[in-house]
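A.B. asks: Next up, work_10.cif (mmCIF, C-alpha atoms and all ligand atoms).
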```cif
data_data
loop_
_atom_site.group_PDB
_atom_site.id
_atom_site.type_symbol
_atom_site.label_atom_id
_atom_site.label_comp_id
_atom_site.auth_asym_id
_atom_site.auth_seq_id
_atom_site.Cartn_x
_atom_site.Cartn_y
_atom_site.Cartn_z
ATOM 1 C CA MET C 508 -12.151 -68.126 -98.819
ATOM 2 C CA ASN C 509 -8.645 -67.505 -97.583
ATOM 3 C CA TRP C 510 -7.968 -64.878 -94.880
ATOM 4 C CA LYS C 511 -6.363 -62.343 -97.234
ATOM 5 C CA LEU C 512 -9.457 -62.269 -99.356
ATOM 6 C CA ALA C 513 -11.650 -61.922 -96.254
ATOM 7 C CA VAL C 514 -9.585 -58.969 -95.002
ATOM 8 C CA THR C 515 -9.726 -57.329 -98.409
ATOM 9 C CA ILE C 516 -13.490 -57.655 -98.525
ATOM 10 C CA ILE C 517 -13.953 -56.297 -94.986
ATOM 11 C CA LEU C 518 -11.588 -53.365 -95.623
ATOM 12 C CA GLY C 519 -13.317 -52.681 -98.895
ATOM 13 C CA PHE C 520 -16.645 -52.595 -97.113
ATOM 14 C CA ILE C 521 -15.422 -50.186 -94.409
ATOM 15 C CA LEU C 522 -13.702 -47.838 -96.849
ATOM 16 C CA GLY C 523 -16.500 -48.053 -99.388
ATOM 17 C CA SER C 524 -19.133 -47.384 -96.768
ATOM 18 C CA THR C 525 -17.653 -44.040 -95.752
ATOM 19 C CA SER C 526 -18.483 -42.616 -99.147
ATOM 20 C CA GLY C 527 -21.549 -44.767 -99.640
ATOM 21 C CA LEU C 528 -24.802 -45.203 -97.790
ATOM 22 C CA ALA C 529 -24.168 -47.726 -95.063
ATOM 23 C CA LEU C 530 -21.852 -46.413 -92.388
ATOM 24 C CA LEU C 531 -20.732 -48.840 -89.742
ATOM 25 C CA PRO C 532 -21.217 -47.281 -86.333
ATOM 26 C CA GLY C 533 -17.743 -46.604 -85.043
ATOM 27 C CA ALA C 534 -16.123 -46.658 -88.461
ATOM 28 C CA GLN C 535 -16.442 -42.892 -88.790
ATOM 29 C CA ASN C 536 -14.981 -42.469 -85.292
ATOM 30 C CA MET C 537 -12.068 -44.685 -86.231
ATOM 31 C CA LEU C 538 -11.413 -42.638 -89.331
ATOM 32 C CA ASN C 539 -11.775 -39.371 -87.426
ATOM 33 C CA SER C 540 -9.227 -40.376 -84.818
ATOM 34 C CA ALA C 541 -6.935 -41.706 -87.528
ATOM 35 C CA SER C 542 -7.012 -38.351 -89.313
ATOM 36 C CA LYS C 543 -6.332 -36.528 -86.033
ATOM 37 C CA LEU C 544 -3.274 -38.716 -85.553
ATOM 38 C CA THR C 545 -1.972 -38.190 -89.045
ATOM 39 C CA ARG C 546 -2.338 -34.444 -88.713
ATOM 40 C CA GLY C 547 -0.057 -34.728 -85.660
ATOM 41 C CA VAL C 548 -1.983 -32.167 -83.606
ATOM 42 C CA ALA C 549 -1.997 -32.908 -79.891
ATOM 43 C CA THR C 550 -5.595 -33.144 -78.831
ATOM 44 C CA VAL C 551 -5.299 -31.252 -75.551
ATOM 45 C CA GLY C 552 -7.895 -28.576 -74.974
ATOM 46 C CA GLY C 553 -11.131 -27.882 -76.746
ATOM 47 C CA PRO C 554 -14.461 -26.208 -76.297
ATOM 48 C CA PHE C 555 -15.790 -25.630 -72.787
ATOM 49 C CA GLU C 556 -18.614 -23.808 -71.068
ATOM 50 C CA LEU C 557 -18.027 -22.687 -67.504
ATOM 51 C CA VAL C 558 -18.720 -19.850 -65.064
ATOM 52 C CA ASP C 559 -16.067 -17.377 -63.924
ATOM 53 C CA GLN C 560 -15.479 -16.113 -60.382
ATOM 54 C CA THR C 561 -17.817 -13.165 -60.959
ATOM 55 C CA GLY C 562 -20.656 -15.564 -61.861
ATOM 56 C CA LYS C 563 -20.511 -14.815 -65.597
ATOM 57 C CA ALA C 564 -21.059 -17.671 -68.090
ATOM 58 C CA VAL C 565 -17.950 -18.048 -70.256
ATOM 59 C CA SER C 566 -16.601 -20.413 -72.885
ATOM 60 C CA ASP C 567 -13.242 -21.187 -74.469
ATOM 61 C CA LYS C 568 -14.044 -18.475 -77.016
ATOM 62 C CA THR C 569 -14.155 -15.848 -74.259
ATOM 63 C CA TYR C 570 -10.375 -16.162 -73.960
ATOM 64 C CA ARG C 571 -9.406 -16.141 -77.648
ATOM 65 C CA GLY C 572 -6.913 -13.529 -78.810
ATOM 66 C CA LYS C 573 -4.481 -14.099 -75.950
ATOM 67 C CA HIS C 574 -2.543 -17.116 -74.783
ATOM 68 C CA THR C 575 -4.035 -18.940 -71.828
ATOM 69 C CA LEU C 576 -2.211 -20.806 -69.097
ATOM 70 C CA VAL C 577 -4.651 -23.446 -67.911
ATOM 71 C CA TYR C 578 -4.362 -25.075 -64.495
ATOM 72 C CA PHE C 579 -6.858 -27.414 -62.845
ATOM 73 C CA GLY C 580 -7.248 -27.608 -59.076
ATOM 74 C CA PHE C 581 -9.508 -26.764 -56.176
ATOM 75 C CA THR C 582 -9.538 -24.284 -53.337
ATOM 76 C CA HIS C 583 -9.459 -26.900 -50.553
ATOM 77 C CA CYS C 584 -6.241 -28.364 -51.984
ATOM 78 C CA PRO C 585 -3.764 -28.322 -49.097
ATOM 79 C CA ASP C 586 -0.500 -27.709 -50.907
ATOM 80 C CA ILE C 587 -0.134 -28.533 -54.612
ATOM 81 C CA CYS C 588 -2.627 -26.001 -55.971
ATOM 82 C CA PRO C 589 -1.580 -23.042 -53.818
ATOM 83 C CA ALA C 590 2.041 -23.761 -54.758
ATOM 84 C CA GLY C 591 1.120 -23.879 -58.457
ATOM 85 C CA LEU C 592 -0.823 -20.630 -58.270
ATOM 86 C CA GLN C 593 2.067 -19.045 -56.401
ATOM 87 C CA VAL C 594 4.474 -20.076 -59.183
ATOM 88 C CA ILE C 595 2.123 -18.538 -61.778
ATOM 89 C CA THR C 596 1.818 -15.353 -59.692
ATOM 90 C CA GLU C 597 5.591 -14.981 -59.374
ATOM 91 C CA ALA C 598 6.259 -15.841 -63.025
ATOM 92 C CA LEU C 599 3.762 -13.181 -64.150
ATOM 93 C CA GLY C 600 5.551 -10.690 -61.893
ATOM 94 C CA LYS C 601 8.883 -11.559 -63.515
ATOM 95 C CA ILE C 602 7.829 -11.040 -67.131
ATOM 96 C CA GLY C 603 6.468 -7.518 -66.669
ATOM 97 C CA GLY C 604 4.249 -6.180 -69.438
ATOM 98 C CA LYS C 605 4.326 -9.484 -71.335
ATOM 99 C CA ALA C 606 2.090 -10.896 -68.619
ATOM 100 C CA ASP C 607 -0.774 -8.968 -70.195
ATOM 101 C CA ASN C 608 -0.542 -11.308 -73.213
ATOM 102 C CA VAL C 609 -1.625 -14.349 -71.228
ATOM 103 C CA THR C 610 -4.761 -15.178 -69.265
ATOM 104 C CA PRO C 611 -4.140 -17.731 -66.529
ATOM 105 C CA LEU C 612 -7.213 -19.918 -65.976
ATOM 106 C CA PHE C 613 -7.645 -21.823 -62.724
ATOM 107 C CA ILE C 614 -10.360 -24.426 -63.380
ATOM 108 C CA SER C 615 -11.939 -26.071 -60.361
ATOM 109 C CA VAL C 616 -12.239 -29.854 -60.190
ATOM 110 C CA ASP C 617 -14.428 -29.439 -57.085
ATOM 111 C CA PRO C 618 -17.455 -27.520 -58.376
ATOM 112 C CA GLU C 619 -19.547 -28.752 -55.451
ATOM 113 C CA ARG C 620 -17.620 -26.543 -53.008
ATOM 114 C CA ASP C 621 -15.959 -24.092 -55.411
ATOM 115 C CA THR C 622 -18.716 -21.611 -56.115
ATOM 116 C CA PRO C 623 -17.778 -18.467 -58.056
ATOM 117 C CA ALA C 624 -17.750 -16.504 -54.755
ATOM 118 C CA LYS C 625 -15.491 -19.076 -53.119
ATOM 119 C CA LEU C 626 -13.068 -18.882 -56.069
ATOM 120 C CA ALA C 627 -13.087 -15.080 -55.979
ATOM 121 C CA GLU C 628 -12.220 -15.095 -52.276
ATOM 122 C CA TYR C 629 -9.498 -17.716 -52.722
ATOM 123 C CA LEU C 630 -7.847 -15.987 -55.688
ATOM 124 C CA LYS C 631 -7.376 -12.756 -53.726
ATOM 125 C CA SER C 632 -4.144 -14.330 -52.438
ATOM 126 C CA PHE C 633 -2.708 -14.551 -55.957
ATOM 127 C CA ASP C 634 -2.104 -12.390 -59.049
ATOM 128 C CA ASP C 635 -5.382 -10.650 -59.868
ATOM 129 C CA ARG C 636 -5.074 -11.591 -63.558
ATOM 130 C CA ILE C 637 -5.755 -15.236 -62.671
ATOM 131 C CA VAL C 638 -9.313 -16.125 -63.668
ATOM 132 C CA GLY C 639 -11.150 -18.735 -61.598
ATOM 133 C CA LEU C 640 -13.575 -21.026 -63.434
ATOM 134 C CA THR C 641 -16.146 -23.474 -62.156
ATOM 135 C CA GLY C 642 -19.501 -24.828 -63.347
ATOM 136 C CA SER C 643 -21.739 -27.839 -63.059
ATOM 137 C CA LEU C 644 -20.074 -31.196 -62.449
ATOM 138 C CA ALA C 645 -20.887 -32.135 -66.063
ATOM 139 C CA GLN C 646 -19.306 -28.931 -67.410
ATOM 140 C CA VAL C 647 -16.175 -29.397 -65.316
ATOM 141 C CA THR C 648 -15.940 -33.090 -66.238
ATOM 142 C CA ASP C 649 -16.173 -32.263 -69.948
ATOM 143 C CA THR C 650 -13.502 -29.591 -69.630
ATOM 144 C CA ALA C 651 -11.166 -31.902 -67.710
ATOM 145 C CA LYS C 652 -11.666 -34.580 -70.378
ATOM 146 C CA ALA C 653 -10.775 -32.111 -73.119
ATOM 147 C CA TYR C 654 -7.521 -31.323 -71.302
ATOM 148 C CA ARG C 655 -6.849 -35.000 -70.463
ATOM 149 C CA VAL C 656 -6.987 -34.104 -66.789
ATOM 150 C CA TYR C 657 -7.735 -36.828 -64.279
ATOM 151 C CA PHE C 658 -9.655 -35.998 -61.099
ATOM 152 C CA ALA C 659 -11.484 -38.081 -58.522
ATOM 153 C CA LYS C 660 -13.218 -37.338 -55.253
ATOM 154 C CA VAL C 661 -11.616 -39.207 -52.365
ATOM 155 C CA ALA C 662 -13.296 -39.645 -48.968
ATOM 156 C CA ASN C 663 -11.522 -38.437 -45.874
ATOM 157 C CA LYS C 664 -11.431 -41.477 -43.573
ATOM 158 C CA ARG C 665 -11.180 -39.464 -40.370
ATOM 159 C CA LEU C 666 -13.796 -36.846 -41.280
ATOM 160 C CA PRO C 667 -16.767 -38.566 -42.939
ATOM 161 C CA ASP C 668 -18.277 -35.275 -44.128
ATOM 162 C CA ASP C 669 -15.047 -34.145 -45.709
ATOM 163 C CA TYR C 670 -13.329 -35.199 -48.908
ATOM 164 C CA THR C 671 -10.391 -34.289 -51.046
ATOM 165 C CA VAL C 672 -9.940 -34.409 -54.816
ATOM 166 C CA ASP C 673 -7.077 -36.234 -56.457
ATOM 167 C CA HIS C 674 -6.092 -34.516 -59.659
ATOM 168 C CA SER C 675 -3.328 -34.272 -62.207
ATOM 169 C CA SER C 676 -1.642 -30.899 -62.141
ATOM 170 C CA PHE C 677 0.024 -29.623 -65.257
ATOM 171 C CA PHE C 678 0.101 -26.092 -66.607
ATOM 172 C CA TYR C 679 -1.173 -26.042 -70.188
ATOM 173 C CA LEU C 680 -0.054 -23.182 -72.379
ATOM 174 C CA MET C 681 -2.619 -22.627 -75.124
ATOM 175 C CA SER C 682 -2.318 -20.339 -78.161
ATOM 176 C CA PRO C 683 -4.522 -17.259 -78.765
ATOM 177 C CA ALA C 684 -6.537 -19.532 -81.113
ATOM 178 C CA GLY C 685 -7.096 -22.024 -78.300
ATOM 179 C CA GLU C 686 -4.617 -24.617 -79.543
ATOM 180 C CA PHE C 687 -2.250 -26.557 -77.359
ATOM 181 C CA VAL C 688 1.291 -25.143 -77.309
ATOM 182 C CA LYS C 689 3.092 -26.792 -74.415
ATOM 183 C CA HIS C 690 2.628 -28.201 -70.953
ATOM 184 C CA PHE C 691 4.724 -27.843 -67.824
ATOM 185 C CA PRO C 692 4.772 -29.864 -64.602
ATOM 186 C CA HIS C 693 3.382 -28.030 -61.567
ATOM 187 C CA SER C 694 6.807 -28.495 -59.962
ATOM 188 C CA ILE C 695 8.365 -26.112 -62.533
ATOM 189 C CA SER C 696 10.325 -23.269 -60.944
ATOM 190 C CA THR C 697 9.185 -19.670 -61.207
ATOM 191 C CA LYS C 698 12.366 -18.862 -63.104
ATOM 192 C CA ILE C 699 11.863 -21.532 -65.772
ATOM 193 C CA LEU C 700 8.151 -20.816 -66.189
ATOM 194 C CA ALA C 701 8.925 -17.109 -66.586
ATOM 195 C CA ARG C 702 11.568 -17.915 -69.195
ATOM 196 C CA GLU C 703 9.207 -20.249 -71.089
ATOM 197 C CA LEU C 704 6.425 -17.646 -71.095
ATOM 198 C CA GLN C 705 8.832 -14.940 -72.217
ATOM 199 C CA LYS C 706 9.830 -17.077 -75.227
ATOM 200 C CA VAL C 707 6.242 -17.503 -76.386
ATOM 201 C CA LEU C 708 4.413 -14.304 -75.439
HETATM 202 NI NI NI E 1 -4.487 -29.451 -55.933
#
```
Would you mind writing the structure in this file as structure tokens?
Ligand code: NI

C.D. replies:
Amino acid sequence: MNWKLAVTIILGFILGSTSGLALLPGAQNMLNSASKLTRGVATVGGPFELVDQTGKAVSDKTYRGKHTLVYFGFTHCPDICPAGLQVITEALGKIGGKADNVTPLFISVDPERDTPAKLAEYLKSFDDRIVGLTGSLAQVTDTAKAYRVYFAKVANKRLPDDYTVDHSSFFYLMSPAGEFVKHFPHSISTKILARELQKVL
């Protein structure tokens, strides 16, 4: 048989199988991701189950009804995370009452050290509307995956018992329904973040 005929038969089998009995493993996944692409919805965010800084079990649904501003980091982070949280704190201060329409979520990528109590202590230095989230390593890994966030534990060569965590650091603005709206680099200025939040909230 020539190659065109072969392709037609294979395609026919894959397409036919989705409505028929035999489903190739992976074919459904391929079709699912294809339909996500054609709908044009950015697949950032999604369901998560974590624990907040008071020790309460929460999920993505806990924060529905208000925008969220999601930021991943860890309390031992020497500079990037504190700077990011400071920008959020100042931007919330600038937008006045509109700040009540957004819940900033600081999600730890270092659940081993970031217990709820540790997060609560750390967040005292920032706006008290910022919610700290942690969980098991599996829960945090799943959440980071949903947000396309990279993180990796890196050994400290000089202090064998110590480590740091490399991580990507964007702010993700999510809608009250939990859908991705926009992301900002952590290097965004307070002024621009405030202006962006003001536009949306
Ligand atoms: Ni950091």

A.B. asks: Excluding segment 603-608 of chain C and its own-chain neighbours fewer than 5 positions away, which residues fall within 9 Å of it when counting all atoms listed in the file? Please give them as a list in words.

C.D. replies: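 Contacts, in chain order: Gly572, Lys573, His574, Thr575, Ala598, Arg636, Leu704, Gln705 and Leu708 of chain C.
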
A.B. asks: Which residues are near ligand NI 1 (chain E) in this structure, taking near to mean any atom at most 6 Å from a ligand atom and counting all atoms listed in the file? Format them as a CSV table (one decimal) with C-alpha atoms, keeping the file's coordinate frame.

C.D. replies:
```csv
chain,number,residue,atom,x,y,z
C,580,GLY,CA,-7.2,-27.6,-59.1
C,581,PHE,CA,-9.5,-26.8,-56.2
C,584,CYS,CA,-6.2,-28.4,-52.0
C,587,ILE,CA,-0.1,-28.5,-54.6
C,588,CYS,CA,-2.6,-26.0,-56.0
```

A.B. asks: Determine the nearest neighbour of Arg571 of chain C from the options C:Ile595, C:Val609, C:Leu644, C:Ile699, counting only C-alpha atoms.

C.D. replies: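 Closest residue, counting only C-alpha atoms: C:Val609.
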
A.B. asks: Edge lengths and centre in Å to one decimal, as lines of an AutoDock Vina configuration file, of the axis-aligned box that encloses all listed atoms of segment 645-648 of chain C with 8 Å added on every side?

C.D. replies:
```
center_x = -18.4
center_y = -31.0
center_z = -66.4
size_x = 20.9
size_y = 20.2
size_z = 18.1
```

A.B. asks: Given the file shown, determine the residues that the PyMOL selection byres (((chain C and resi 563) around 12) and not hetatm) selects; report them as a list in words.

C.D. replies: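 Written out, the selection comes to Glu556, Leu557, Val558, Asp559, Gln560, Thr561, Gly562, Ala564, Val565, Ser566, Thr569, Thr622, Pro623, Ala624, Val638, Gly639, Leu640, Thr641 and Gly642 of chain C.
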
A.B. asks: To one decimal in Å, tell me the separation between atom CA of Gly552 of chain C and atom CA of His693 of chain C.

C.D. replies: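 Distance between the two atoms: 17.5 Å.
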
A.B. asks: Considering only C-alpha atoms, can you say which of C:Val577, C:Lys568, C:Ser643, C:Ser632 comes closest to Val688 of chain C?

C.D. replies: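 Of all the options, C:Val577 lies closest to Val688 of chain C.
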
A.B. asks: What would the selection look like, as a count of residues only, if the PyMOL selection byres (((chain C and resi 701) around 9) and not hetatm) were run on the coordinates I just shared?

C.D. replies: 17
